[in-house]
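Have a look at coords_17.txt below; it lists compact mmCIF, C-alpha atoms.
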# COMPACT_ATOMS: atom_id res chain seq x y z
CA MET W 1 -2.06 24.42 6.09
CA ARG W 2 1.24 22.53 6.10
CA VAL W 3 1.15 18.95 7.36
CA LEU W 4 4.18 16.84 8.25
CA GLY W 5 3.58 13.16 7.45
CA ILE W 6 5.41 10.28 9.15
CA GLU W 7 5.12 6.71 7.86
CA SER W 8 6.77 3.88 9.84
CA SER W 9 4.37 0.95 9.69
CA CYS W 10 6.82 -1.67 8.42
CA ASP W 11 10.22 -1.51 6.72
CA GLU W 12 10.25 1.95 5.13
CA THR W 13 10.65 5.30 6.85
CA GLY W 14 8.72 7.91 4.88
CA ILE W 15 8.57 11.63 5.64
CA ALA W 16 6.76 14.35 3.67
CA LEU W 17 5.38 17.87 3.86
CA TYR W 18 2.03 18.62 2.22
CA ASP W 19 0.55 22.10 1.80
CA THR W 20 -3.20 22.32 1.20
CA ASP W 21 -2.64 25.32 -1.08
CA LYS W 22 0.59 24.34 -2.88
CA GLY W 23 0.43 20.56 -2.82
CA LEU W 24 3.34 18.27 -1.98
CA LEU W 25 6.31 20.38 -0.92
CA ALA W 26 8.95 17.69 -0.27
CA HIS W 27 9.26 14.02 0.59
CA ALA W 28 11.97 11.50 1.44
CA LEU W 29 12.04 7.74 1.88
CA TYR W 30 14.49 5.32 3.44
CA SER W 31 14.01 1.64 2.59
CA GLN W 32 15.26 -1.15 4.85
CA ILE W 33 15.43 -3.74 2.07
CA GLU W 34 19.18 -4.32 2.45
CA LEU W 35 18.82 -4.62 6.23
CA HIS W 36 16.26 -7.43 6.00
CA ALA W 37 17.49 -9.14 2.81
CA GLU W 38 19.79 -11.59 4.59
CA TYR W 39 16.84 -12.81 6.68
CA GLY W 40 14.50 -13.21 3.71
CA GLY W 41 11.84 -11.05 5.33
CA VAL W 42 11.20 -8.19 7.73
CA VAL W 43 12.58 -8.57 11.27
CA PRO W 44 10.27 -6.38 13.42
CA GLU W 45 12.83 -5.45 16.10
CA LEU W 46 15.41 -4.40 13.51
CA ALA W 47 12.76 -2.41 11.65
CA SER W 48 11.80 -0.49 14.80
CA ARG W 49 15.41 0.36 15.63
CA ASP W 50 16.08 1.59 12.11
CA HIS W 51 13.03 3.88 12.20
CA ILE W 52 14.47 5.46 15.35
CA ARG W 53 17.76 6.12 13.57
CA LYS W 54 16.29 7.48 10.34
CA ALA W 55 13.12 9.42 11.19
CA LEU W 56 14.57 12.64 12.63
CA PRO W 57 17.33 13.04 9.99
CA LEU W 58 14.70 12.56 7.27
CA ILE W 59 12.42 15.14 8.88
CA ASN W 60 15.29 17.63 8.85
CA GLN W 61 16.06 16.71 5.23
CA VAL W 62 12.46 17.31 4.13
CA LEU W 63 12.27 20.63 5.97
CA THR W 64 15.49 21.73 4.27
CA GLN W 65 14.16 20.70 0.85
CA ALA W 66 10.98 22.69 1.46
CA LYS W 67 12.99 25.64 2.85
CA LEU W 68 10.91 25.59 6.02
CA LYS W 69 11.51 25.38 9.75
CA ARG W 70 9.70 23.26 12.29
CA ASN W 71 7.66 26.25 13.44
CA ASP W 72 6.20 26.42 9.92
CA ILE W 73 4.44 23.08 10.46
CA ASP W 74 0.70 23.43 11.17
CA ALA W 75 -0.06 19.77 11.97
CA VAL W 76 1.64 16.40 12.25
CA ALA W 77 0.15 13.20 10.77
CA TYR W 78 1.56 9.80 11.66
CA THR W 79 0.66 6.21 10.82
CA ALA W 80 -1.09 4.67 13.83
CA GLY W 81 -1.91 1.32 12.18
CA PRO W 82 -2.20 -1.24 10.85
CA GLY W 83 1.38 -2.52 10.84
CA LEU W 84 4.18 -3.79 13.08
CA VAL W 85 3.46 -2.60 16.60
CA GLY W 86 7.04 -1.56 17.44
CA ALA W 87 7.51 0.30 14.18
CA LEU W 88 4.17 2.06 14.61
CA LEU W 89 5.08 3.15 18.14
CA VAL W 90 8.27 4.79 16.88
CA GLY W 91 6.42 6.96 14.35
CA ALA W 92 3.60 7.70 16.80
CA ALA W 93 5.99 8.76 19.56
CA ILE W 94 8.01 11.01 17.26
CA GLY W 95 4.92 12.51 15.62
CA ARG W 96 3.13 13.18 18.90
CA SER W 97 6.29 14.61 20.48
CA ILE W 98 6.86 17.09 17.66
CA ALA W 99 3.21 18.13 17.71
CA TRP W 100 3.30 18.60 21.50
CA ALA W 101 6.53 20.60 21.36
CA LEU W 102 5.11 22.90 18.67
CA ASP W 103 1.65 23.04 20.25
CA LYS W 104 0.14 21.80 16.97
CA PRO W 105 -2.51 19.16 16.20
CA ALA W 106 -1.48 15.52 15.79
CA ILE W 107 -3.51 13.23 13.53
CA ALA W 108 -3.48 9.42 13.76
CA ILE W 109 -3.77 8.02 10.22
CA ASN W 110 -4.85 4.60 9.07
CA HIS W 111 -2.12 3.23 6.79
CA MET W 112 -4.59 1.76 4.32
CA GLU W 113 -6.52 5.03 4.09
CA GLY W 114 -3.21 6.67 3.16
CA HIS W 115 -2.74 4.19 0.32
CA LEU W 116 -6.36 4.53 -0.77
CA LEU W 117 -6.07 8.32 -1.07
CA SER W 118 -2.57 8.37 -2.61
CA PRO W 119 -3.79 8.59 -6.26
CA LEU W 120 -5.47 11.87 -5.30
CA LEU W 121 -1.97 13.36 -5.07
CA GLU W 122 -1.68 13.28 -8.86
CA GLN W 123 -2.41 16.23 -11.16
CA ASN W 124 -5.64 14.71 -12.48
CA PRO W 125 -7.11 12.97 -9.43
CA PRO W 126 -10.24 10.81 -9.51
CA SER W 127 -13.53 12.11 -8.16
CA PHE W 128 -15.70 10.39 -5.57
CA PRO W 129 -17.34 7.90 -5.65
CA PHE W 130 -15.17 5.06 -6.93
CA VAL W 131 -14.12 1.47 -6.30
CA SER W 132 -10.71 1.12 -4.71
CA LEU W 133 -8.50 -1.95 -5.07
CA LEU W 134 -5.87 -1.99 -2.32
CA VAL W 135 -3.18 -4.54 -3.09
CA SER W 136 -0.04 -4.92 -1.00
CA GLY W 137 2.05 -7.41 0.94
CA GLY W 138 -0.40 -7.31 3.83
CA HIS W 139 -3.75 -6.50 2.27
CA THR W 140 -6.05 -7.29 -0.64
CA LEU W 141 -9.23 -5.23 -0.39
CA LEU W 142 -12.04 -4.02 -2.61
CA VAL W 143 -13.70 -0.92 -1.18
CA ASP W 144 -16.64 1.24 -2.22
CA VAL W 145 -15.36 4.77 -1.59
CA LYS W 146 -17.97 7.53 -1.36
CA GLY W 147 -15.72 10.13 0.30
CA VAL W 148 -12.91 10.53 2.81
CA GLY W 149 -13.74 8.11 5.62
CA GLN W 150 -16.83 6.80 3.85
CA TYR W 151 -15.72 3.27 3.07
CA GLU W 152 -17.71 0.11 2.54
CA LEU W 153 -15.68 -3.09 2.43
CA LEU W 154 -16.79 -5.18 -0.56
CA GLY W 155 -14.27 -8.01 -0.42
CA GLU W 156 -10.93 -9.07 1.03
CA SER W 157 -8.51 -11.97 1.03
CA ILE W 158 -9.43 -14.80 3.38
CA ASP W 159 -5.78 -15.91 3.59
CA ASP W 160 -2.61 -14.58 1.91
CA ALA W 161 -2.65 -11.05 0.52
CA VAL W 162 -1.75 -10.94 -3.16
CA GLY W 163 1.56 -9.20 -2.49
CA GLU W 164 2.40 -11.82 0.12
CA ALA W 165 1.62 -14.57 -2.40
CA PHE W 166 3.93 -12.87 -4.94
CA ASP W 167 6.75 -12.71 -2.39
CA LYS W 168 6.31 -16.27 -1.15
CA THR W 169 6.13 -17.68 -4.66
CA ALA W 170 9.29 -15.79 -5.58
CA LYS W 171 11.02 -17.22 -2.52
CA MET W 172 9.99 -20.76 -3.52
CA LEU W 173 11.48 -20.12 -6.96
CA GLY W 174 14.73 -18.94 -5.37
CA LEU W 175 14.38 -15.38 -6.61
CA GLY W 176 15.55 -13.48 -3.54
CA TYR W 177 14.05 -10.62 -1.50
CA PRO W 178 11.85 -8.68 -1.97
CA GLY W 179 10.41 -11.25 -4.29
CA GLY W 180 7.36 -9.64 -5.90
CA PRO W 181 9.16 -7.14 -8.17
CA ILE W 182 11.78 -9.77 -9.09
CA LEU W 183 9.07 -12.29 -10.02
CA ALA W 184 7.32 -9.69 -12.19
CA LYS W 185 10.61 -8.92 -13.93
CA ILE W 186 11.53 -12.50 -14.84
CA ALA W 187 7.92 -13.19 -15.87
CA GLU W 188 8.72 -11.03 -18.91
CA GLN W 189 10.92 -13.90 -20.13
CA GLY W 190 8.26 -16.56 -19.57
CA THR W 191 6.54 -18.59 -22.27
CA PRO W 192 2.84 -17.67 -22.50
CA ASP W 193 0.41 -20.54 -21.82
CA LYS W 194 3.21 -22.95 -20.88
CA TYR W 195 1.33 -23.60 -17.65
CA GLN W 196 -2.33 -23.12 -16.81
CA PHE W 197 -2.87 -21.96 -13.24
CA PRO W 198 -6.29 -21.71 -11.52
CA ARG W 199 -8.10 -18.43 -10.91
CA PRO W 200 -9.14 -19.04 -7.27
CA MET W 201 -12.65 -18.24 -6.05
CA THR W 202 -13.76 -16.86 -9.41
CA ASN W 203 -16.18 -19.73 -10.05
CA ARG W 204 -18.37 -18.66 -7.14
CA PRO W 205 -20.22 -15.42 -6.38
CA GLY W 206 -18.77 -12.79 -4.10
CA LEU W 207 -15.81 -10.44 -3.97
CA ASP W 208 -13.48 -12.16 -1.52
CA PHE W 209 -10.06 -13.44 -2.58
CA SER W 210 -7.85 -16.43 -1.80
CA PHE W 211 -4.25 -16.73 -2.96
CA SER W 212 -2.79 -19.47 -0.74
CA GLY W 213 -3.94 -22.22 -3.10
CA LEU W 214 -2.44 -20.43 -6.08
CA LYS W 215 0.85 -20.22 -4.22
CA THR W 216 0.70 -23.97 -3.48
CA PHE W 217 -0.09 -24.72 -7.12
CA ALA W 218 3.01 -22.74 -8.13
CA MET W 219 5.14 -24.67 -5.63
CA ASN W 220 3.93 -28.06 -6.89
CA THR W 221 4.53 -27.00 -10.49
CA TRP W 222 8.06 -25.90 -9.61
CA LEU W 223 8.85 -29.15 -7.77
CA ALA W 224 7.64 -31.17 -10.77
CA SER W 225 9.76 -29.17 -13.23
CA GLU W 226 13.46 -29.37 -14.04
CA GLN W 227 13.88 -26.15 -12.04
CA SER W 228 15.80 -24.39 -14.78
CA GLU W 229 15.92 -20.62 -15.28
CA GLN W 230 13.35 -20.94 -18.04
CA ASP W 231 11.09 -22.92 -15.69
CA GLN W 232 11.42 -20.08 -13.21
CA ALA W 233 10.31 -17.57 -15.83
CA ASP W 234 7.46 -19.75 -17.14
CA ILE W 235 6.06 -20.40 -13.65
CA ALA W 236 6.48 -16.74 -12.69
CA LEU W 237 4.48 -15.70 -15.76
CA ALA W 238 1.77 -18.30 -15.15
CA PHE W 239 1.46 -17.24 -11.51
CA GLN W 240 1.36 -13.52 -12.30
CA THR W 241 -1.20 -14.02 -15.09
CA ALA W 242 -3.48 -16.03 -12.81
CA ALA W 243 -3.18 -13.53 -9.95
CA VAL W 244 -3.86 -10.54 -12.20
CA ASP W 245 -6.77 -12.28 -13.93
CA THR W 246 -8.28 -13.04 -10.52
CA LEU W 247 -7.99 -9.40 -9.46
CA ILE W 248 -9.52 -8.21 -12.73
CA ILE W 249 -12.48 -10.59 -12.50
CA LYS W 250 -13.28 -9.37 -8.99
CA CYS W 251 -12.79 -5.71 -9.95
CA LYS W 252 -15.26 -6.07 -12.79
CA ARG W 253 -17.78 -7.61 -10.39
CA ALA W 254 -17.28 -4.76 -7.90
CA LEU W 255 -17.74 -2.12 -10.59
CA LYS W 256 -20.92 -3.81 -11.80
CA GLN W 257 -22.26 -4.15 -8.24
CA THR W 258 -21.62 -0.50 -7.33
CA ARG W 259 -22.35 0.87 -10.83
CA HIS W 260 -19.23 3.03 -10.57
CA LYS W 261 -17.18 3.83 -13.66
CA THR W 262 -13.93 4.57 -11.84
CA ILE W 263 -11.47 2.25 -10.16
CA VAL W 264 -8.56 3.50 -8.06
CA VAL W 265 -5.69 1.10 -7.40
CA ALA W 266 -3.10 1.58 -4.66
CA GLY W 267 -0.56 -0.33 -2.60
CA GLY W 268 2.73 -1.96 -3.54
CA VAL W 269 1.24 -4.34 -6.13
CA SER W 270 -0.34 -1.39 -7.96
CA ALA W 271 3.12 -0.86 -9.50
CA ASN W 272 2.79 -4.17 -11.36
CA THR W 273 2.71 -3.36 -15.08
CA ALA W 274 0.59 -6.40 -16.00
CA LEU W 275 -2.09 -5.33 -13.53
CA ARG W 276 -2.02 -1.74 -14.77
CA SER W 277 -2.31 -2.80 -18.40
CA SER W 278 -5.25 -5.10 -17.68
CA LEU W 279 -7.15 -2.45 -15.73
CA ASN W 280 -6.46 0.24 -18.32
CA ALA W 281 -7.92 -2.11 -20.93
CA LEU W 282 -11.31 -2.37 -19.22
CA PRO W 283 -13.93 -0.82 -21.54
CA ASN W 284 -15.76 2.32 -20.37
CA ILE W 285 -13.84 2.32 -17.08
CA ASN W 286 -11.40 4.97 -15.83
CA ALA W 287 -8.46 3.53 -13.89
CA TYR W 288 -6.25 5.64 -11.62
CA PHE W 289 -2.93 4.74 -10.00
CA PRO W 290 -0.39 6.49 -7.81
CA ARG W 291 2.96 7.30 -9.38
CA PRO W 292 5.41 4.36 -8.93
CA GLU W 293 7.31 6.03 -6.06
CA PHE W 294 4.04 6.31 -4.10
CA CYS W 295 2.90 2.71 -4.65
CA SER W 296 5.00 1.43 -1.76
CA ASP W 297 4.78 2.89 1.75
CA ASN W 298 5.62 6.61 1.83
CA GLY W 299 5.20 9.74 3.88
CA ALA W 300 3.40 11.71 1.16
CA MET W 301 0.24 9.64 1.45
CA ILE W 302 0.21 10.08 5.24
CA ALA W 303 0.73 13.85 5.01
CA PHE W 304 -2.05 14.10 2.40
CA ALA W 305 -4.48 11.94 4.40
CA GLY W 306 -3.62 14.01 7.47
CA ALA W 307 -4.41 17.22 5.60
CA MET W 308 -7.77 15.83 4.47
CA ARG W 309 -8.61 14.70 8.00
CA GLN W 310 -7.41 17.89 9.71
CA SER W 311 -9.39 20.11 7.35
CA ALA W 312 -12.61 18.39 8.40
CA MET W 313 -11.77 17.85 12.08
CA THR W 314 -14.03 19.59 14.59
CA LYS W 315 -12.13 18.58 17.74
CA GLN W 316 -8.62 17.35 18.50
CA ASP W 317 -7.64 13.92 19.77
CA LYS W 318 -6.47 13.60 23.34
CA PRO W 319 -2.66 14.04 23.67
CA THR W 320 -2.04 10.30 23.93
CA PHE W 321 -1.14 7.74 21.32
CA ALA W 322 -1.45 4.02 20.72
CA ALA W 323 -0.40 1.70 17.94
CA ARG W 324 -3.09 -0.37 16.27
CA PRO W 325 -1.53 -3.44 14.59
CA ARG W 326 -5.02 -4.26 13.29
CA TRP W 327 -7.26 -1.39 12.22
CA PRO W 328 -9.98 -2.28 9.69
CA LEU W 329 -10.58 0.42 7.12
CA ASP W 330 -14.35 0.31 7.49
CA GLN W 331 -14.06 1.28 11.18
CA LEU W 332 -12.89 4.79 10.29
CA LYS W 333 -15.16 7.74 10.87
CA PRO W 334 -16.17 9.94 7.92
CA ALA W 335 -14.15 13.13 7.56
Turn this file's structure into structure tokens for me.
Amino acid sequence: MRVLGIESSCDETGIALYDTDKGLLAHALYSQIELHAEYGGVVPELASRDHIRKALPLINQVLTQAKLKRNDIDAVAYTAGPGLVGALLVGAAIGRSIAWALDKPAIAINHMEGHLLSPLLEQNPPSFPFVSLLVSGGHTLLVDVKGVGQYELLGESIDDAVGEAFDKTAKMLGLGYPGGPILAKIAEQGTPDKYQFPRPMTNRPGLDFSFSGLKTFAMNTWLASEQSEQDQADIALAFQTAAVDTLIIKCKRALKQTRHKTIVVAGGVSANTALRSSLNALPNINAYFPRPEFCSDNGAMIAFAGAMRQSAMTKQDKPTFAARPRWPLDQLKPA
């Protein structure tokens, strides 16, 4: 079965073709970073318009790469939420229209489920069950994963997502957009232990997160410094170290609570090398990550999730669509 995947939840248009027998056939991604850079963040209306311009050309590009025609598609998967409502509606309308025209199934995919399953695209995928850490600009979640659609939420951020905190801290330091990767890069030049930042909510039980206070601590430290380039690097390192330590502490708690020996990390922040190194260093624990190109939003994860869902589907959705800006992962039905 060949599934066309369409991802348009925010500022990246991702298209992919996944074959349940041959694996990932082709994928393409268009990033809107340059479009939104001058505004210092994503402008929803501009994002929606750009998805309209880029989606169909990318679909044709992916079909050409895979040496297939539209009639060779067996199903269409599209991101239905969570995300920016206008951007979601673009992908949903295009996905549903193609499926209707071809008389093929259309599958509405939860964006976070796509991220959660993305490490299963690798050659040596993890086996169920496992703990999943989903870390991105919009989400910080710990999930007990027993199978496709069998998700128990263990903990989440009560305020800023960790990726959002990275981006906002970078902006305060004057590092540009998108800030998270830039902050991680200059942190390599920081002086270890120059500053001691708190590890929020680690001195109390539970698996929830909070990063807004850490962001404020970074801002106050920056305002009290000479605001030199070295201060930027030192504060960036202190912030990153505190954020990663906080994630690791909560991951260890989740693994102990569930008694799982495997942790799967996905989302944009999963590309962070400090986080990967710390998780790989956990004793007697197997850590899995998506390849760097699949850490950020992409069509491959949507096509793959669509294939998993379609394979287990007993009846088709009604030929209507709706965007779901908020769609909790634990509300999904098991596959």
Neighbouring residues of Tyr18 of chain W were defined as those with any atom within 12 Å, considering all atoms listed in the file; residues of the same chain fewer than 2 positions away were excluded. Please report them as a ChimeraX atom specification.
/W:1-6,15-16,20-27,62-63,66,68,72-77,121,299-308
Output C-alpha atoms for every residue in the selection just made, as a compact mmCIF listing (two decimals), in the coordinates of the input.
# COMPACT_ATOMS: atom_id res chain seq x y z
CA MET W 1 -2.06 24.42 6.09
CA ARG W 2 1.24 22.53 6.10
CA VAL W 3 1.15 18.95 7.36
CA LEU W 4 4.18 16.84 8.25
CA GLY W 5 3.58 13.16 7.45
CA ILE W 6 5.41 10.28 9.15
CA ILE W 15 8.57 11.63 5.64
CA ALA W 16 6.76 14.35 3.67
CA THR W 20 -3.20 22.32 1.20
CA ASP W 21 -2.64 25.32 -1.08
CA LYS W 22 0.59 24.34 -2.88
CA GLY W 23 0.43 20.56 -2.82
CA LEU W 24 3.34 18.27 -1.98
CA LEU W 25 6.31 20.38 -0.92
CA ALA W 26 8.95 17.69 -0.27
CA HIS W 27 9.26 14.02 0.59
CA VAL W 62 12.46 17.31 4.13
CA LEU W 63 12.27 20.63 5.97
CA ALA W 66 10.98 22.69 1.46
CA LEU W 68 10.91 25.59 6.02
CA ASP W 72 6.20 26.42 9.92
CA ILE W 73 4.44 23.08 10.46
CA ASP W 74 0.70 23.43 11.17
CA ALA W 75 -0.06 19.77 11.97
CA VAL W 76 1.64 16.40 12.25
CA ALA W 77 0.15 13.20 10.77
CA LEU W 121 -1.97 13.36 -5.07
CA GLY W 299 5.20 9.74 3.88
CA ALA W 300 3.40 11.71 1.16
CA MET W 301 0.24 9.64 1.45
CA ILE W 302 0.21 10.08 5.24
CA ALA W 303 0.73 13.85 5.01
CA PHE W 304 -2.05 14.10 2.40
CA ALA W 305 -4.48 11.94 4.40
CA GLY W 306 -3.62 14.01 7.47
CA ALA W 307 -4.41 17.22 5.60
CA MET W 308 -7.77 15.83 4.47
Which of W:Pro129, W:Gly138, W:Pro119, W:Gly268 sits closest to Asp159 of chain W [using all atoms listed in the file]
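Checking each candidate against Asp159 of chain W, we get W:Gly138 as the closest.
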Write out as a ChimeraX atom specification each polymer residue whose atoms come within 10 Å of Ile285 of chain W, counting all atoms listed in the file; drop sequence neighbours fewer than 5 positions from it.
/W:252,255,260-263,279-280
Which of these, W:Val131, W:Gly180, W:Gln150, W:Cys295, has the shortest distance to Arg253 of chain W once you count all atoms listed in the file?
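Once distances to Arg253 of chain W are computed over all atoms listed in the file, the minimum belongs to W:Val131.
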Counting all atoms listed in the file, figure out which residue out of W:Thr13, W:Ser212, W:Asn286, W:Gln189 gets nearest to Ala161 of chain W.
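Comparing W:Thr13, W:Ser212, W:Asn286, W:Gln189 against Ala161 of chain W, the winner is W:Ser212.
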Applying 9 Å and all atoms listed in the file, which residues near Tyr177 of chain W remain after dropping the ones on its own chain fewer than 3 positions away? List them as a list in words.
Ile33, His36, Ala37, Glu38, Tyr39, Gly40, Gly41, Asp167, Ala170, Lys171, Gly180, Pro181 and Ile182 of chain W
Would you list the contacts of Asp297 of chain W as a PyMOL selection string, taking every protein, DNA or RNA residue within 8 Å and counting all atoms listed in the file, but skipping same-chain residues closer than 6 positions in sequence?
chain W and resi 7+12+14+115+267-268
Pick from W:Val43, W:Val162, W:Leu329, W:Leu134 nearest to Pro290 of chain W, counting only C-alpha atoms:
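Closest candidate: W:Leu134.
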Hey, can you check how far atom CA of Ile98 of chain W sits from atom CA of Phe321 of chain W?
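Between atom CA of Ile98 of chain W and atom CA of Phe321 of chain W the gap is 12.8 Å.
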Counting all atoms listed in the file, which residues come within 10 Å of (16.8, 7.6, 9.1), with the point read in the file's coordinates, and could you list them as a PDB file with C-alpha atoms, keeping the file's coordinate frame?
ATOM      1  CA  GLU W  12      10.250   1.950   5.130  1.00  0.00           C
ATOM      2  CA  THR W  13      10.650   5.300   6.850  1.00  0.00           C
ATOM      3  CA  GLY W  14       8.720   7.910   4.880  1.00  0.00           C
ATOM      4  CA  ILE W  15       8.570  11.630   5.640  1.00  0.00           C
ATOM      5  CA  ALA W  28      11.970  11.500   1.440  1.00  0.00           C
ATOM      6  CA  LEU W  29      12.040   7.740   1.880  1.00  0.00           C
ATOM      7  CA  TYR W  30      14.490   5.320   3.440  1.00  0.00           C
ATOM      8  CA  SER W  31      14.010   1.640   2.590  1.00  0.00           C
ATOM      9  CA  GLN W  32      15.260  -1.150   4.850  1.00  0.00           C
ATOM     10  CA  ARG W  49      15.410   0.360  15.630  1.00  0.00           C
ATOM     11  CA  ASP W  50      16.080   1.590  12.110  1.00  0.00           C
ATOM     12  CA  HIS W  51      13.030   3.880  12.200  1.00  0.00           C
ATOM     13  CA  ILE W  52      14.470   5.460  15.350  1.00  0.00           C
ATOM     14  CA  ARG W  53      17.760   6.120  13.570  1.00  0.00           C
ATOM     15  CA  LYS W  54      16.290   7.480  10.340  1.00  0.00           C
ATOM     16  CA  ALA W  55      13.120   9.420  11.190  1.00  0.00           C
ATOM     17  CA  LEU W  56      14.570  12.640  12.630  1.00  0.00           C
ATOM     18  CA  PRO W  57      17.330  13.040   9.990  1.00  0.00           C
ATOM     19  CA  LEU W  58      14.700  12.560   7.270  1.00  0.00           C
ATOM     20  CA  ILE W  59      12.420  15.140   8.880  1.00  0.00           C
ATOM     21  CA  GLN W  61      16.060  16.710   5.230  1.00  0.00           C
TER      22      GLN W  61
END
Write out as a ChimeraX atom specification the residues lying within 10 Å of Ala218 of chain W, counting all atoms listed in the file and excluding same-chain residues fewer than 5 positions away.
/W:169-170,172-173,195,197-198,212-213,223-224,235-236,238-239
Considering all atoms listed in the file, can you say which of W:Lys194, W:Gln227, W:Glu164, W:Leu102 comes closest to Leu214 of chain W?
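Between W:Lys194, W:Gln227, W:Glu164, W:Leu102, the residue approaching Leu214 of chain W most closely is W:Glu164.
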Shortest contact to Val145 of chain W, candidates W:Leu89, W:Val265, W:Leu237, W:Ile248, atoms counted only C-alpha atoms, goes to W:Val265
In Å, rounded to a single decimal, give me how far atom CA of Ser157 of chain W is from atom CA of Thr140 of chain W.
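Separating atom CA of Thr140 of chain W from atom CA of Ser157 of chain W is a distance of 5.5 Å.
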One number please: atom CA of Thr216 of chain W to atom CA of Arg204 of chain W, in Å, one decimal.
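About the pair atom CA of Thr216 of chain W and atom CA of Arg204 of chain W: they are 20.1 Å apart.
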Neighbours of point (7.8, -13.1, -18.2) within 7 Å, using all atoms listed in the file, written as a list in words
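The residues that fall inside the cut-off are Ala184, Lys185, Ile186, Ala187, Glu188, Gln189, Gly190, Thr191, Ala233, Asp234, Ala236 and Leu237 of chain W.
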Could you work out an axis-aligned box for segment 297-313 of chain W, taking every atom the file lists and adding 4 Å on each side, and report centre and edge lengths in Å to one decimal, as JSON?
{"center_x": -3.5, "center_y": 11.5, "center_z": 6.6, "size_x": 26.2, "size_y": 25.2, "size_z": 18.9}
Subset file as a CSV table (one decimal), in the first residue's frame: segment 204-209 of chain W, all heavy atoms:
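To be explicit, this is the file written out as out_29.csv:
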chain,number,residue,atom,x,y,z
W,204,ARG,N,10.1,18.1,43.2
W,204,ARG,CA,8.8,17.7,43.7
W,204,ARG,C,8.4,16.4,42.9
W,204,ARG,O,8.9,16.3,41.7
W,204,ARG,CB,7.7,18.8,43.5
W,204,ARG,CG,7.5,19.2,42.0
W,204,ARG,CD,6.5,20.3,41.9
W,204,ARG,NE,7.1,21.6,42.3
W,204,ARG,CZ,6.5,22.7,42.1
W,204,ARG,NH1,5.2,22.8,41.7
W,204,ARG,NH2,7.1,23.9,42.4
W,205,PRO,N,7.6,15.6,43.4
W,205,PRO,CA,7.2,14.4,42.6
W,205,PRO,C,6.4,14.8,41.4
W,205,PRO,O,5.8,15.9,41.2
W,205,PRO,CB,6.4,13.6,43.6
W,205,PRO,CG,5.8,14.6,44.5
W,205,PRO,CD,6.9,15.6,44.7
W,206,GLY,N,6.3,13.8,40.4
W,206,GLY,CA,5.5,14.0,39.3
W,206,GLY,C,6.3,14.2,38.0
W,206,GLY,O,7.5,14.2,38.1
W,207,LEU,N,5.6,14.2,36.9
W,207,LEU,CA,6.3,14.2,35.6
W,207,LEU,C,6.0,15.4,34.7
W,207,LEU,O,6.3,15.4,33.5
W,207,LEU,CB,6.0,12.9,34.8
W,207,LEU,CG,6.5,11.6,35.5
W,207,LEU,CD1,5.9,10.3,34.8
W,207,LEU,CD2,8.0,11.5,35.4
W,208,ASP,N,5.3,16.4,35.3
W,208,ASP,CA,5.0,17.6,34.5
W,208,ASP,C,6.3,18.5,34.5
W,208,ASP,O,7.2,18.4,35.3
W,208,ASP,CB,3.9,18.3,35.2
W,208,ASP,CG,2.5,17.7,34.9
W,208,ASP,OD1,2.4,16.9,33.9
W,208,ASP,OD2,1.6,17.9,35.7
W,209,PHE,N,6.2,19.4,33.5
W,209,PHE,CA,7.4,20.3,33.3
W,209,PHE,C,6.9,21.7,33.4
W,209,PHE,O,5.7,22.1,33.3
W,209,PHE,CB,7.9,20.1,31.9
W,209,PHE,CG,8.4,18.7,31.5
W,209,PHE,CD1,7.5,17.8,31.0
W,209,PHE,CD2,9.7,18.4,31.7
W,209,PHE,CE1,8.0,16.5,30.7
W,209,PHE,CE2,10.2,17.1,31.4
W,209,PHE,CZ,9.3,16.2,30.9
